[in-house]
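> What follows is final-v2.cif, mmCIF, C-alpha atoms.
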data_data
#
loop_
_atom_site.label_atom_id
_atom_site.label_comp_id
_atom_site.auth_asym_id
_atom_site.auth_seq_id
_atom_site.Cartn_x
_atom_site.Cartn_y
_atom_site.Cartn_z
CA MET A 34 63.39 17.36 42.75
CA THR A 35 65.12 15.82 45.73
CA THR A 36 64.36 12.58 47.44
CA GLU A 37 64.98 11.65 51.05
CA ALA A 38 67.39 8.83 51.52
CA THR A 39 67.23 6.59 54.53
CA LEU A 40 70.37 7.03 56.56
CA PRO A 41 72.12 3.73 57.05
CA SER A 42 72.91 2.66 60.56
CA THR A 43 76.48 3.13 61.63
CA SER A 44 78.67 0.32 62.82
CA ALA A 45 78.22 1.61 66.39
CA SER A 46 74.42 1.45 66.22
CA PRO A 47 73.13 -1.59 68.12
CA THR A 48 71.17 -4.11 66.14
CA ALA A 49 67.82 -5.47 67.21
CA ARG A 50 69.47 -8.71 68.30
CA GLN A 51 71.99 -6.82 70.43
CA MET A 52 69.21 -4.74 72.00
CA TRP A 53 67.27 -7.89 72.87
CA THR A 54 70.38 -9.54 74.31
CA ARG A 55 71.00 -6.54 76.55
CA THR A 56 67.43 -6.07 77.73
CA ARG A 57 66.07 -9.59 77.88
CA GLY A 58 67.17 -10.03 81.51
CA ILE A 59 65.33 -6.88 82.59
CA ALA A 60 62.27 -7.81 80.52
CA LEU A 61 62.20 -11.31 82.02
CA ALA A 62 62.49 -9.87 85.54
CA LEU A 63 59.60 -7.48 84.87
CA LEU A 64 57.45 -10.33 83.55
CA VAL A 65 58.20 -12.39 86.64
CA LEU A 66 57.31 -9.45 88.92
CA ILE A 67 54.06 -8.79 87.06
CA ALA A 68 53.11 -12.47 87.13
CA GLY A 69 53.91 -12.65 90.85
CA ALA A 70 51.88 -9.51 91.58
CA VAL A 71 48.89 -10.89 89.69
CA ALA A 72 49.16 -14.23 91.47
CA ILE A 73 49.40 -12.58 94.90
CA ALA A 74 46.46 -10.32 94.10
CA VAL A 75 44.34 -13.30 93.04
CA ILE A 76 45.30 -15.32 96.12
CA ARG A 77 44.69 -12.42 98.50
CA SER A 78 41.40 -11.56 96.86
CA ASP A 79 40.21 -15.13 97.31
CA ALA A 80 41.45 -15.27 100.90
CA ARG A 81 39.78 -11.98 101.85
CA HIS A 82 36.44 -12.76 100.25
CA GLY A 83 33.76 -12.11 102.85
CA GLU A 84 36.25 -11.35 105.62
CA LEU A 85 34.47 -10.54 108.89
CA ASP A 86 31.14 -10.79 107.05
CA PRO A 87 28.46 -12.54 109.17
CA ARG A 88 26.87 -13.84 105.96
CA SER A 89 30.07 -15.57 104.77
CA ALA A 90 30.91 -19.21 105.50
CA ASP A 91 34.52 -18.74 104.30
CA PRO A 92 37.32 -19.36 106.83
CA GLY A 93 37.72 -15.61 107.19
CA GLY A 94 33.99 -14.96 107.47
CA SER A 95 31.90 -14.66 110.63
CA ARG A 96 28.75 -16.63 109.85
CA ALA A 97 29.39 -19.11 112.67
CA VAL A 98 29.27 -16.48 115.42
CA ALA A 99 26.14 -14.94 113.87
CA GLU A 100 24.41 -18.35 113.93
CA LEU A 101 25.37 -18.91 117.56
CA LEU A 102 24.04 -15.47 118.48
CA ALA A 103 20.80 -16.22 116.66
CA ASP A 104 20.37 -19.37 118.76
CA ARG A 105 20.55 -17.13 121.83
CA GLY A 106 17.93 -14.71 120.56
CA VAL A 107 20.26 -12.00 119.21
CA ASP A 108 19.35 -10.81 115.72
CA THR A 109 22.18 -9.65 113.48
CA ARG A 110 21.71 -7.00 110.82
CA VAL A 111 24.44 -6.12 108.33
CA VAL A 112 24.83 -2.49 107.26
CA THR A 113 27.35 -1.04 104.81
CA THR A 114 26.74 2.72 105.08
CA LEU A 115 27.37 5.20 107.85
CA ASP A 116 23.80 6.49 107.69
CA GLU A 117 22.43 3.03 108.50
CA ALA A 118 24.97 2.49 111.29
CA ALA A 119 24.32 5.89 112.91
CA ALA A 120 20.56 5.39 112.76
CA ALA A 121 20.79 2.07 114.60
CA ASN A 122 21.85 3.57 117.93
CA GLY A 123 19.91 2.61 121.02
CA PRO A 124 20.33 1.08 124.49
CA ASP A 125 19.32 -2.36 123.21
CA THR A 126 21.79 -2.40 120.31
CA THR A 127 25.40 -3.48 119.91
CA LEU A 128 27.26 -1.88 117.01
CA LEU A 129 30.24 -3.82 115.67
CA VAL A 130 32.57 -1.85 113.38
CA ALA A 131 34.44 -4.48 111.38
CA VAL A 132 37.20 -2.34 109.83
CA PRO A 133 37.33 1.04 111.59
CA ASP A 134 40.39 2.18 109.67
CA LEU A 135 38.35 2.38 106.45
CA LEU A 136 36.29 5.24 107.87
CA THR A 137 37.30 8.81 107.16
CA ARG A 138 37.83 11.32 109.94
CA GLY A 139 34.40 12.84 109.52
CA GLN A 140 32.74 9.43 109.49
CA GLN A 141 34.58 8.38 112.63
CA SER A 142 33.55 11.55 114.47
CA ARG A 143 29.92 11.20 113.38
CA LEU A 144 29.77 7.55 114.40
CA HIS A 145 31.22 8.29 117.84
CA THR A 146 28.76 11.14 118.37
CA ALA A 147 25.80 8.91 117.41
CA PHE A 148 26.65 6.21 119.95
CA ALA A 149 28.30 8.26 122.72
CA GLY A 150 25.12 8.71 124.77
CA SER A 151 22.92 5.99 123.30
CA GLY A 152 23.38 3.51 126.15
CA GLY A 153 24.37 0.75 123.72
CA ARG A 154 27.64 -1.03 123.17
CA THR A 155 30.18 -0.27 120.43
CA VAL A 156 32.71 -2.96 119.48
CA LEU A 157 35.73 -1.78 117.48
CA VAL A 158 37.68 -4.55 115.75
CA ALA A 159 41.44 -3.89 115.61
CA PRO A 160 41.34 -0.11 115.13
CA GLY A 161 44.65 1.55 114.37
CA SER A 162 46.12 4.64 115.96
CA ALA A 163 44.37 7.03 113.56
CA SER A 164 40.85 5.69 114.10
CA VAL A 165 40.83 4.58 117.73
CA GLU A 166 41.54 8.07 119.04
CA ARG A 167 38.35 9.39 117.40
CA LEU A 168 36.07 6.40 117.93
CA ALA A 169 37.25 5.88 121.51
CA PRO A 170 38.77 9.11 122.87
CA GLY A 171 41.34 8.49 125.56
CA VAL A 172 42.61 5.28 123.94
CA THR A 173 45.92 5.08 122.10
CA ALA A 174 47.19 2.24 119.89
CA ASP A 175 50.77 1.14 120.42
CA PRO A 176 52.90 0.96 117.24
CA ALA A 177 54.25 -2.49 118.19
CA THR A 178 51.74 -5.32 117.94
CA SER A 179 51.58 -8.30 120.25
CA LEU A 180 54.01 -11.13 119.57
CA ASP A 181 51.64 -13.73 121.07
CA THR A 182 48.16 -14.38 119.70
CA THR A 183 46.78 -16.45 122.57
CA LEU A 184 46.65 -14.52 125.84
CA SER A 185 45.19 -14.85 129.32
CA PRO A 186 42.50 -12.38 130.54
CA ASP A 187 44.28 -11.14 133.68
CA CYS A 188 41.47 -8.69 134.49
CA ALA A 189 38.22 -8.48 136.45
CA LEU A 190 35.86 -8.26 133.44
CA PRO A 191 33.35 -11.12 133.93
CA ALA A 192 33.14 -11.92 130.21
CA ALA A 193 36.91 -12.30 129.97
CA ARG A 194 37.20 -14.36 133.15
CA ARG A 195 34.50 -16.77 131.98
CA ALA A 196 36.07 -17.13 128.53
CA GLY A 197 39.61 -17.68 129.78
CA THR A 198 42.46 -17.64 127.27
CA ALA A 199 41.53 -16.30 123.85
CA GLU A 200 43.20 -15.22 120.64
CA THR A 201 43.11 -11.46 121.11
CA GLY A 202 46.79 -10.80 120.44
CA GLY A 203 47.19 -8.07 117.84
CA VAL A 204 47.09 -4.31 118.31
CA ARG A 205 47.89 -3.24 121.88
CA TYR A 206 46.26 -0.28 123.59
CA THR A 207 46.72 2.13 126.47
CA THR A 208 43.98 4.32 127.95
CA THR A 209 43.61 7.29 130.24
CA HIS A 210 40.25 6.06 131.57
CA LEU A 211 40.79 4.95 135.14
CA ASP A 212 37.58 2.87 135.20
CA ALA A 213 38.39 0.93 132.03
CA ASP A 214 38.82 -2.85 132.05
CA GLU A 215 42.22 -3.69 130.58
CA CYS A 216 42.25 -7.37 129.59
CA TYR A 217 44.48 -9.87 127.80
CA PRO A 218 47.72 -7.94 128.32
CA SER A 219 50.79 -8.47 126.17
CA GLU A 220 53.96 -6.92 127.58
CA ARG A 221 51.77 -4.99 130.08
CA LEU A 222 49.61 -3.45 127.32
CA ALA A 223 46.01 -4.57 126.89
CA THR A 224 44.68 -6.14 123.70
CA LEU A 225 41.07 -5.79 124.87
CA LEU A 226 39.60 -2.71 126.53
CA ARG A 227 36.13 -2.05 127.87
CA ILE A 228 35.48 1.64 128.50
CA PRO A 229 32.21 2.53 130.29
CA ALA A 230 30.33 5.54 128.94
CA ALA A 231 30.42 8.78 130.90
CA ARG A 232 26.67 8.48 131.50
CA GLY A 233 24.19 5.65 131.10
CA ASP A 234 24.88 1.94 130.73
CA GLY A 235 26.66 2.11 127.40
CA ASP A 236 30.28 1.14 126.81
CA THR A 237 32.90 0.77 124.13
CA VAL A 238 34.91 -2.41 123.58
CA VAL A 239 38.21 -2.17 121.72
CA LEU A 240 39.40 -5.54 120.40
CA GLY A 241 43.02 -5.91 119.27
CA ALA A 242 42.46 -8.72 116.73
CA PRO A 243 39.51 -10.16 114.77
CA ASP A 244 40.46 -13.81 115.38
CA ILE A 245 37.70 -14.57 117.91
CA LEU A 246 35.09 -13.66 115.26
CA LEU A 247 36.42 -15.76 112.37
CA ASN A 248 34.84 -19.06 111.36
CA ASP A 249 38.09 -21.04 111.39
CA ARG A 250 39.18 -19.67 114.79
CA LEU A 251 35.91 -19.70 116.70
CA ASP A 252 36.43 -23.18 118.16
CA GLU A 253 39.93 -22.39 119.45
CA GLN A 254 40.65 -21.53 123.10
CA GLY A 255 37.86 -19.40 124.62
CA ASN A 256 37.18 -17.49 121.40
CA ALA A 257 33.54 -18.49 121.03
CA SER A 258 32.70 -17.69 124.65
CA LEU A 259 34.34 -14.28 124.50
CA ALA A 260 32.73 -13.40 121.16
CA LEU A 261 29.23 -14.39 122.30
CA GLN A 262 29.51 -12.43 125.54
CA LEU A 263 30.86 -9.30 123.88
CA LEU A 264 28.29 -9.31 121.06
CA GLY A 265 25.32 -10.85 122.88
CA SER A 266 24.87 -8.40 125.74
CA ARG A 267 22.01 -6.67 123.82
CA PRO A 268 19.18 -8.24 121.80
CA HIS A 269 20.14 -6.44 118.59
CA LEU A 270 23.49 -6.55 116.82
CA VAL A 271 24.28 -4.15 113.98
CA TRP A 272 27.25 -5.43 112.02
CA TYR A 273 28.81 -2.49 110.21
CA LEU A 274 31.05 -3.35 107.26
CA PRO A 275 32.58 -0.01 106.15
CA SER A 276 33.05 0.38 102.43
CA LEU A 277 35.24 2.68 100.39
CA THR A 278 32.23 3.30 98.11
CA ASP A 279 30.14 4.72 100.98
CA THR A 280 29.41 8.36 100.12
CA SER A 281 27.61 9.20 103.34
CA ALA A 282 28.94 12.00 105.55
CA THR A 283 31.36 13.11 102.88
CA GLY A 284 32.75 16.61 102.82
CA THR A 285 35.94 18.55 102.89
CA ASP A 286 36.93 17.04 106.24
CA ASP A 287 36.68 13.54 104.77
CA GLU A 288 39.31 14.02 102.14
CA ARG A 289 42.13 11.64 102.92
CA GLY A 290 45.72 12.62 102.56
CA PHE A 291 48.58 10.37 101.62
CA PHE A 292 49.44 9.48 105.23
CA ASP A 293 45.81 8.59 105.99
CA LEU A 294 45.94 5.87 103.34
CA LEU A 295 49.00 4.23 104.87
CA PRO A 296 48.52 1.36 107.35
CA SER A 297 48.46 2.23 111.03
CA GLY A 298 51.88 0.68 111.67
CA TRP A 299 53.71 2.48 108.87
CA LEU A 300 55.74 4.62 111.28
CA TRP A 301 56.97 1.60 113.23
CA GLY A 302 57.73 -0.24 110.00
CA THR A 303 59.72 2.71 108.67
CA LEU A 304 61.73 2.85 111.90
CA GLN A 305 62.49 -0.86 111.58
CA LEU A 306 63.71 -0.32 108.03
CA PHE A 307 66.05 2.47 109.17
CA ILE A 308 67.43 0.25 111.95
CA ALA A 309 67.93 -2.62 109.50
CA ALA A 310 69.70 -0.29 107.06
CA ALA A 311 71.99 1.00 109.83
CA LEU A 312 72.86 -2.54 110.93
CA ALA A 313 73.54 -3.55 107.32
CA ALA A 314 75.82 -0.53 106.90
CA LEU A 315 77.73 -1.43 110.06
CA TRP A 316 78.01 -5.04 108.93
CA ARG A 317 79.34 -4.11 105.52
CA ALA A 318 81.70 -1.51 106.98
CA ARG A 319 83.48 -3.98 109.26
CA ARG A 320 86.74 -5.42 108.00
CA LEU A 321 86.55 -9.19 108.30
CA GLY A 322 89.62 -11.38 107.98
CA PRO A 323 93.22 -10.42 107.14
CA LEU A 324 94.19 -7.46 105.00
CA VAL A 325 94.25 -8.15 101.27
CA PRO A 326 97.05 -6.55 99.25
CA GLU A 327 95.90 -4.57 96.24
CA LYS A 328 97.72 -3.12 93.31
CA LEU A 329 98.35 0.58 93.70
CA PRO A 330 96.94 2.82 90.97
CA VAL A 331 100.27 4.67 90.74
CA ALA A 332 103.89 3.63 91.06
CA ILE A 333 105.58 4.64 94.32
CA ARG A 334 109.33 4.61 94.77
CA ALA A 335 110.64 2.01 97.17
CA SER A 336 112.53 4.67 99.12
CA GLU A 337 109.26 6.50 99.85
CA THR A 338 107.63 3.31 101.09
CA ALA A 339 110.63 2.54 103.30
CA GLU A 340 110.65 6.06 104.72
CA GLY A 341 106.91 5.91 105.38
CA ARG A 342 107.19 2.63 107.26
CA ALA A 343 110.19 3.94 109.16
CA ARG A 344 108.23 6.99 110.31
CA LEU A 345 105.40 4.75 111.46
CA TYR A 346 107.80 2.54 113.40
CA ARG A 347 109.41 5.58 115.00
CA LYS A 348 106.06 7.13 115.90
CA ALA A 349 105.00 3.89 117.57
CA ASP A 350 108.43 3.48 119.23
CA ALA A 351 108.56 0.01 117.63
CA ARG A 352 112.33 -0.53 117.44
CA ASP A 353 111.83 -4.26 117.92
CA ARG A 354 109.61 -4.53 114.83
CA ALA A 355 112.00 -2.36 112.80
CA ALA A 356 114.98 -4.49 113.85
CA ASP A 357 113.09 -7.69 113.00
CA ALA A 358 112.28 -6.30 109.56
CA LEU A 359 115.93 -5.36 108.92
CA ARG A 360 117.28 -8.72 110.12
CA SER A 361 114.65 -10.75 108.26
CA THR A 362 115.34 -8.96 104.99
CA THR A 363 119.10 -9.37 105.42
CA ARG A 364 118.78 -13.09 106.16
CA THR A 365 116.59 -13.53 103.09
CA ARG A 366 119.21 -11.88 100.86
CA LEU A 367 122.18 -13.68 102.44
CA ALA A 368 120.76 -17.22 102.22
CA PRO A 369 121.08 -17.61 98.40
CA LEU A 370 124.57 -16.11 98.53
CA VAL A 371 125.85 -18.84 100.90
CA GLY A 372 123.90 -21.69 99.29
CA VAL A 373 121.09 -21.99 101.83
CA PRO A 374 117.48 -22.34 100.65
CA VAL A 375 115.33 -19.28 101.34
CA THR A 376 112.92 -21.47 103.34
CA GLN A 377 115.77 -22.08 105.87
CA ALA A 378 117.08 -18.52 105.88
CA HIS A 379 115.56 -17.84 109.32
CA THR A 380 116.95 -20.99 110.94
CA PRO A 381 120.25 -20.29 112.76
CA GLU A 382 121.40 -23.95 112.52
CA ALA A 383 121.21 -23.81 108.71
CA LEU A 384 122.30 -20.24 107.95
CA LEU A 385 125.13 -19.52 110.41
CA PRO A 386 127.50 -22.45 109.53
CA ALA A 387 127.25 -21.62 105.83
CA LEU A 388 127.69 -17.92 106.55
CA SER A 389 130.84 -18.39 108.68
CA THR A 390 132.72 -19.80 105.70
CA ARG A 391 132.30 -16.47 103.88
CA LEU A 392 133.45 -14.23 106.73
CA HIS A 393 137.04 -13.18 107.22
CA GLY A 394 137.13 -12.88 111.01
CA ASP A 395 136.81 -9.10 111.34
CA GLY A 396 134.97 -9.26 114.66
CA HIS A 397 131.40 -9.72 113.43
CA ASP A 398 129.23 -12.02 115.54
CA PRO A 399 126.71 -13.33 112.98
CA HIS A 400 124.43 -14.90 115.57
CA THR A 401 124.03 -11.72 117.62
CA LEU A 402 123.82 -9.59 114.52
CA LEU A 403 121.18 -11.66 112.69
CA PHE A 404 119.26 -13.25 115.59
CA GLY A 405 120.09 -11.07 118.60
CA PRO A 406 117.86 -9.03 120.94
CA PRO A 407 116.18 -5.78 119.80
CA PRO A 408 118.18 -2.55 120.15
CA GLY A 409 117.57 -0.39 123.20
CA ASP A 410 117.50 3.02 121.52
CA ASP A 411 117.46 4.71 118.13
CA ALA A 412 121.26 4.97 118.04
CA ALA A 413 121.58 1.21 118.54
CA LEU A 414 119.01 0.63 115.78
CA ILE A 415 121.01 2.79 113.36
CA ALA A 416 124.19 0.98 114.33
CA LEU A 417 122.47 -2.36 113.71
CA ALA A 418 121.44 -1.25 110.23
CA ASP A 419 125.01 -0.19 109.43
CA ARG A 420 126.46 -3.48 110.69
CA LEU A 421 123.92 -5.49 108.65
CA ASP A 422 124.91 -3.56 105.52
CA ALA A 423 128.58 -4.19 106.27
CA LEU A 424 127.91 -7.90 106.77
CA GLU A 425 126.08 -8.18 103.45
CA ARG A 426 128.84 -6.31 101.62
CA GLU A 427 131.43 -8.65 103.12
CA VAL A 428 129.53 -11.76 102.03
CA ARG A 429 129.08 -10.37 98.53
CA ARG A 430 132.81 -9.56 98.26
CA PRO A 431 134.45 -12.07 95.93
#
Represent the supplied structure as structure tokens.

Amino acid sequence: MTTEATLPSTSASPTARQMWTRTRGIALALLVLIAGAVAIAVIRSDARHGELDPRSADPGGSRAVAELLADRGVDTRVVTTLDEAAAANGPDTTLLVAVPDLLTRGQQSRLHTAFAGSGGRTVLVAPGSASVERLAPGVTADPATSLDTTLSPDCALPAARRAGTAETGGVRYTTTHLDADECYPSERLATLLRIPAARGDGDTVVLGAPDILLNDRLDEQGNASLALQLLGSRPHLVWYLPSLTDTSATGTDDERGFFDLLPSGWLWGTLQLFIAAALAALWRARRLGPLVPEKLPVAIRASETAEGRARLYRKADARDRAADALRSTTRTRLAPLVGVPVTQAHTPEALLPALSTRLHGDGHDPHTLLFGPPPGDDAALIALADRLDALEREVRRP
């Protein structure tokens, strides 16, 4: 009978304490990220509670505009399904689509078909490029949003002219409809469009931002006036709050792909990230400041280094730099031999008097040799090197 023995851990096996020491930084970072994500989710969920809901008195709700419309005889009815919204079409009805981007392709097409010839008004609140082209054919959303939130009307639409400046800055639009009213432009692109229907008295209003409908923004600028005129042109207002749980008009065409779930500005955001990455690469690739000497991974003979520098000097025709290097090195070696500090080796007044005592009057001119002009050709440079060697040998001679 044999028994299994527990294999002891080897000396190389990490202990539990060592494992914790190695991974505690990563674990702490993950905990911080999870806590931050939970906190952001809680904050955002509270901030978005009842957003653009005419029954909500929250800062992001729209109860204030609904109350003002009720005072003017406009009744507001909230619907959350496509069936209810499509059934509410009529010449005396305004349909407001709070979040058009939540609708699937099939729902967008069905909603446009229901209101295309109804004679009523359709108000689309900040639709992105994917939804605006189906809900308002002939209109295209620009990838870049407006930098300014408060804009001037700059158009002939009576509602916009009466309201004056308003906070419509957000998504910007272009249209192929020649009879469309293009209002509140930002960089020559409209943030509010009114497109008359092909037949009848109906129209479609595309609004670039929801600010004029929010409770905390209604009393700013001409927001209230613009909101009441856009939503109060008919006695009935159907306020459509699309929901992801709405199962109406579902089918194979409504299945959303990965790109459909991305925000409307994802392409522009991705382009910005690529530009930022390219700029960061250029920034990191630039050499800032002086060169820093580094230790070579292998030993290179001094003669090879000298020959390499000599070839570079010759290729650049830099005889002056080569001569300066030869003279400077010679002066540095001669100074200790004649009792001159190395710091004064390149000063003629200190080096030459001490050097003259070691020379034997063989015709050398130390000043011209050590501090003279650069040679005129390669032959003169070679002659200079030979004379410098001869001078150093003479000084070293006992």
> Using all atoms listed in the file, pick whichever of A:Pro374, A:Pro369, A:Gly241, A:Gly405 has the shortest atom-to-atom distance to A:Thr224.
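Among A:Pro374, A:Pro369, A:Gly241, A:Gly405, it is A:Gly241 that comes nearest to A:Thr224.
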> Please measure the separation of atom CA of A:Thr207 and atom CA of A:Gly150, giving the value in Å to one decimal.
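Atom CA of A:Gly150 lies 22.6 Å from atom CA of A:Thr207.
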> Could you check the closest approach to A:Val130 for each of A:Ala72, A:Leu345, A:Val238, A:Ile308 and tell me which residue wins, using only C-alpha atoms?
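The closest residue to A:Val130 is A:Val238.
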> Could you state which residues are captured by the PyMOL selection byres ((chain A and resi 391) around 9) in this file, as a PDB file with C-alpha atoms, in the coordinates of the input?

ATOM      1  CA  VAL A 371     125.850 -18.840 100.900  1.00  0.00           C
ATOM      2  CA  ALA A 387     127.250 -21.620 105.830  1.00  0.00           C
ATOM      3  CA  LEU A 388     127.690 -17.920 106.550  1.00  0.00           C
ATOM      4  CA  SER A 389     130.840 -18.390 108.680  1.00  0.00           C
ATOM      5  CA  THR A 390     132.720 -19.800 105.700  1.00  0.00           C
ATOM      6  CA  LEU A 392     133.450 -14.230 106.730  1.00  0.00           C
ATOM      7  CA  HIS A 393     137.040 -13.180 107.220  1.00  0.00           C
ATOM      8  CA  GLU A 427     131.430  -8.650 103.120  1.00  0.00           C
ATOM      9  CA  VAL A 428     129.530 -11.760 102.030  1.00  0.00           C
ATOM     10  CA  ARG A 429     129.080 -10.370  98.530  1.00  0.00           C
ATOM     11  CA  ARG A 430     132.810  -9.560  98.260  1.00  0.00           C
TER      12      ARG A 430
END
> Which residues match the PyMOL selection byres ((chain A and resi 128) around 8) in the file above, as number ranges by chain?
A: 118, 121-122, 126-127, 129-130, 153-156, 270-273
> For a quick check of understanding, using only C-alpha atoms, which of A:Ser95, A:Thr54, A:Thr48, A:Thr198 has the smallest distance to A:Asn248?
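Closest residue, counting only C-alpha atoms: A:Ser95.
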> Output stretch 374-381 of chain A as a PDB file, in the frame of the given file, making sure all heavy atoms are there.

ATOM      1  N   PRO A 374     118.810 -22.635 101.191  1.00  0.00           N
ATOM      2  CA  PRO A 374     117.480 -22.340 100.650  1.00  0.00           C
ATOM      3  C   PRO A 374     116.808 -21.193 101.421  1.00  0.00           C
ATOM      4  O   PRO A 374     117.016 -21.029 102.631  1.00  0.00           O
ATOM      5  CB  PRO A 374     116.708 -23.650 100.835  1.00  0.00           C
ATOM      6  CG  PRO A 374     117.768 -24.700 100.941  1.00  0.00           C
ATOM      7  CD  PRO A 374     118.944 -24.045 101.594  1.00  0.00           C
ATOM      8  N   VAL A 375     115.994 -20.427 100.705  1.00  0.00           N
ATOM      9  CA  VAL A 375     115.330 -19.280 101.340  1.00  0.00           C
ATOM     10  C   VAL A 375     114.389 -19.751 102.442  1.00  0.00           C
ATOM     11  O   VAL A 375     114.184 -19.053 103.450  1.00  0.00           O
ATOM     12  CB  VAL A 375     114.567 -18.469 100.269  1.00  0.00           C
ATOM     13  CG1 VAL A 375     113.771 -17.330 100.894  1.00  0.00           C
ATOM     14  CG2 VAL A 375     115.525 -17.941  99.232  1.00  0.00           C
ATOM     15  N   THR A 376     113.833 -20.953 102.310  1.00  0.00           N
ATOM     16  CA  THR A 376     112.920 -21.470 103.340  1.00  0.00           C
ATOM     17  C   THR A 376     113.636 -21.693 104.669  1.00  0.00           C
ATOM     18  O   THR A 376     112.998 -21.731 105.722  1.00  0.00           O
ATOM     19  CB  THR A 376     112.279 -22.778 102.867  1.00  0.00           C
ATOM     20  OG1 THR A 376     113.307 -23.707 102.513  1.00  0.00           O
ATOM     21  CG2 THR A 376     111.379 -22.520 101.657  1.00  0.00           C
ATOM     22  N   GLN A 377     114.995 -21.861 104.639  1.00  0.00           N
ATOM     23  CA  GLN A 377     115.770 -22.080 105.870  1.00  0.00           C
ATOM     24  C   GLN A 377     116.603 -20.855 106.246  1.00  0.00           C
ATOM     25  O   GLN A 377     117.492 -20.935 107.089  1.00  0.00           O
ATOM     26  CB  GLN A 377     116.693 -23.285 105.693  1.00  0.00           C
ATOM     27  CG  GLN A 377     115.960 -24.586 105.396  1.00  0.00           C
ATOM     28  CD  GLN A 377     116.917 -25.761 105.250  1.00  0.00           C
ATOM     29  OE1 GLN A 377     118.120 -25.638 105.509  1.00  0.00           O
ATOM     30  NE2 GLN A 377     116.378 -26.906 104.832  1.00  0.00           N
ATOM     31  N   ALA A 378     116.285 -19.709 105.618  1.00  0.00           N
ATOM     32  CA  ALA A 378     117.080 -18.520 105.880  1.00  0.00           C
ATOM     33  C   ALA A 378     116.924 -18.026 107.304  1.00  0.00           C
ATOM     34  O   ALA A 378     117.825 -17.347 107.833  1.00  0.00           O
ATOM     35  CB  ALA A 378     116.681 -17.412 104.900  1.00  0.00           C
ATOM     36  N   HIS A 379     115.818 -18.350 107.973  1.00  0.00           N
ATOM     37  CA  HIS A 379     115.560 -17.840 109.320  1.00  0.00           C
ATOM     38  C   HIS A 379     115.831 -18.898 110.384  1.00  0.00           C
ATOM     39  O   HIS A 379     115.397 -18.754 111.528  1.00  0.00           O
ATOM     40  CB  HIS A 379     114.112 -17.341 109.411  1.00  0.00           C
ATOM     41  CG  HIS A 379     113.737 -16.384 108.308  1.00  0.00           C
ATOM     42  ND1 HIS A 379     114.297 -15.131 108.192  1.00  0.00           N
ATOM     43  CD2 HIS A 379     112.898 -16.535 107.251  1.00  0.00           C
ATOM     44  CE1 HIS A 379     113.795 -14.528 107.111  1.00  0.00           C
ATOM     45  NE2 HIS A 379     112.945 -15.364 106.523  1.00  0.00           N
ATOM     46  N   THR A 380     116.564 -19.932 110.001  1.00  0.00           N
ATOM     47  CA  THR A 380     116.950 -20.990 110.940  1.00  0.00           C
ATOM     48  C   THR A 380     118.448 -20.853 111.230  1.00  0.00           C
ATOM     49  O   THR A 380     119.286 -21.021 110.317  1.00  0.00           O
ATOM     50  CB  THR A 380     116.657 -22.383 110.351  1.00  0.00           C
ATOM     51  OG1 THR A 380     115.281 -22.453 109.980  1.00  0.00           O
ATOM     52  CG2 THR A 380     116.986 -23.470 111.353  1.00  0.00           C
ATOM     53  N   PRO A 381     118.812 -20.507 112.476  1.00  0.00           N
ATOM     54  CA  PRO A 381     120.250 -20.290 112.760  1.00  0.00           C
ATOM     55  C   PRO A 381     121.096 -21.510 112.448  1.00  0.00           C
ATOM     56  O   PRO A 381     122.233 -21.386 111.969  1.00  0.00           O
ATOM     57  CB  PRO A 381     120.269 -19.964 114.257  1.00  0.00           C
ATOM     58  CG  PRO A 381     118.874 -19.475 114.560  1.00  0.00           C
ATOM     59  CD  PRO A 381     117.973 -20.236 113.645  1.00  0.00           C
TER      60      PRO A 381
END
